[in-house]
Structures are given as structure tokens and as C-alpha cells.
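Let me begin by presenting the structure, written as C-alpha cells, before commenting on it.
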Amino acid sequence: STVGSSIISRSSNKNVAAAAASAIHTRHHASASSDSSVNISNKLQVLSKISVTQNDGRLLRIRHKSESTNTDMTFSLFLPSSHGTILRSKNQSTPALYWLSGLTCDDTNFSIKANAFASADREGIAIVIPDTSPRGENVADDEGYDLGKGAGFYVDATEEPWSEHYNMYSYITKELPSVLEESYGVGVDAKSIFGHSM
């Protein structure tokens, strides 16, 4: 079962949630081939940014070069409407929940299916949604769906051919939090982790 379900619950406005889910799916998947991405630093490239709550909570899809996996990694980041105004203006960090998806997922599954952003916005919590594995032409894979790309093993591999890129433990626990703390002020003072089917 999903850990943290008491924090993130269903939105009462199903029409807004349905429209947001549709927009997330359309814009995130269209952004992969779009030239409209924005570089916000030498490290991060914002592929898409959309409003997903009534109070203008934002969902960003971001790509960056990972030192842990030696690949480009993509993650989604929900920033509550309070992020830019109340918390950051008082030099406070927005608390962060890291969501880890399971087998065959990527960073978009939770965004589309969980209906969590209205509750996270109300509580002033950012949600970080990393991909489940490194990806790319040079990344080792397996014919089975339960090993290799998209398999959702959040460990640092110790044997070839996996050890070159599959360093997801280091990515999730060290690199990604550092990137988000530095670039967005998310999770500096408080962070937690939850997920499903990992």
C-alpha cells in the first residue's frame, strides 16, 4: 500500500483534478520533443511548467545531467502556491516529500494518477517525483520488464554492466536533494520519503 496516504488525500474538486491530470499528461509528453524548454542554470533544464491547483500550485518537469547515474535524469517537482511567497520570503524552506514509483513507472505516473496536488498545496508541501531508473541508449537493460530501465530498484549496483549507471540510491539520497535545496530551496529543513511498489 502507499505510504503517507494520510498526508496526501483526494481533492474535493474532481473537475479541477481531472483537467489537471489531462494537462499533465498532454504537456509533459509533448515537452519531450518541444524546443520551448528553459535552462534555469547550467545544471537544470525546465521541460514544462503548469498550474495544477486552484491556488496556482505548479508542476515542473526538469531534466539535468546526473553525476550519480552518468546520464540525463528527468524528475517532476510540485511546488505549492506558498513556496514563492510565504515561506521563501521568510527565508524558510518548503518541506519536501520524495515519491518513489515502482516497476515500469517514470516520473509522470504519480502526477497523472495520484490526485495529490490539491492536498499538498493546502499543506504547503513540495512533492519530488524522480524517475525510477537511469535511461538512454548506452544504459544497460534486460529483456524482462522487472530488471533494467524503469524497474524501480533504488540501490547502487556493484556489478557490471549495471554499476556504470544504476546508482539510484546515491541519486535519491544525496544528489537530487542537494540539487533541489540549492536551486529551489526545497527540503532544506524538512524532507521525507514515501512511495508504492518499490
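In the C-alpha cells, the first chain shown is A, the next is B, and so on; residue numbers restart at 1 for each chain, and ligands run from 1 in the order shown.
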request  = Find the spatial neighbours of Asn55 of chain A, counting only C-alpha atoms, within a cut-off of 12 Å - ignore same-chain residues fewer than 6 positions away - and output them as a PyMOL selection string.
outcome  = chain A and resi 16+79-83+117-122+124
For the selection just defined, write its residues with C-alpha atoms to a file, as a PDB file, in the first residue's frame.
```
ATOM      1  CA  VAL A  16     -10.080  20.638 -11.490  1.00  0.00           C
ATOM      2  CA  LEU A  79       5.753  23.484  -5.808  1.00  0.00           C
ATOM      3  CA  PRO A  80       2.855  24.628  -3.625  1.00  0.00           C
ATOM      4  CA  SER A  81       1.447  28.108  -4.102  1.00  0.00           C
ATOM      5  CA  SER A  82       3.024  29.144  -0.780  1.00  0.00           C
ATOM      6  CA  HIS A  83       6.531  28.302  -1.986  1.00  0.00           C
ATOM      7  CA  PHE A 117      -1.512  18.172  -5.533  1.00  0.00           C
ATOM      8  CA  ALA A 118      -4.503  19.991  -4.009  1.00  0.00           C
ATOM      9  CA  SER A 119      -3.785  18.413  -0.616  1.00  0.00           C
ATOM     10  CA  ALA A 120      -0.067  19.108  -0.883  1.00  0.00           C
ATOM     11  CA  ASP A 121      -0.821  22.706  -1.852  1.00  0.00           C
ATOM     12  CA  ARG A 122      -3.112  23.135   1.141  1.00  0.00           C
ATOM     13  CA  GLY A 124       2.435  23.796   1.784  1.00  0.00           C
TER      14      GLY A 124
END
```
ask   = Which residues, written as number ranges by chain, have at least one atom at most 9 Å from segment 94-105 of chain A, with only C-alpha atoms counted and residues fewer than 3 positions away on the same chain left out?
value = A: 79-80, 82-83, 87-88, 108-110, 124-132, 145-147, 149-154, 172, 184-198
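Residues within 10 Å of Thr74 of chain A, counting only C-alpha atoms and excluding same-chain residues fewer than 4 positions away, are A:Leu44, A:Gln45, A:Val46, A:Leu47, A:Arg61, A:Ile62, A:Arg63, A:His64, A:Lys65, A:Ser66, A:Asp106, A:Asp107, A:Thr108, A:Ile129, A:Pro130, A:Asp131, A:Thr132, A:Ser133, A:Pro134, A:Arg135.
Reported to one decimal place, the separation of atom CA of Ser76 of chain A from atom CA of Gly144 of chain A is 26.2 Å.
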request  = Can you work out the spacing between atom CA of Asn115 of chain A and atom CA of Phe75 of chain A in Å, to one decimal?
outcome  =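 Pair atom CA of Asn115 of chain A / atom CA of Phe75 of chain A returns 17.5 Å.
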query = Counting only C-alpha atoms, which of A:Met168, A:Leu77, A:Gly84, A:Leu59 gets nearest to Asp156 of chain A?
reply = A:Met168
request  = Looking only at helix (DSSP H, G or I) from DSSP on the backbone, list the matching residues of segment 31-163 of chain A as a PyMOL selection string.
outcome  = chain A and resi 31+83-89+109-113+117-123+162-163
key: Atom pair atom CA of His165 of chain A / atom CA of Glu137 of chain A: separation (Å)   = 11.6 Å
key: DSSP strand (DSSP E) residues within segment 44-161 of chain A, as a PyMOL selection string   = chain A and resi 44-51+58-66+71-79+94-100+126-130
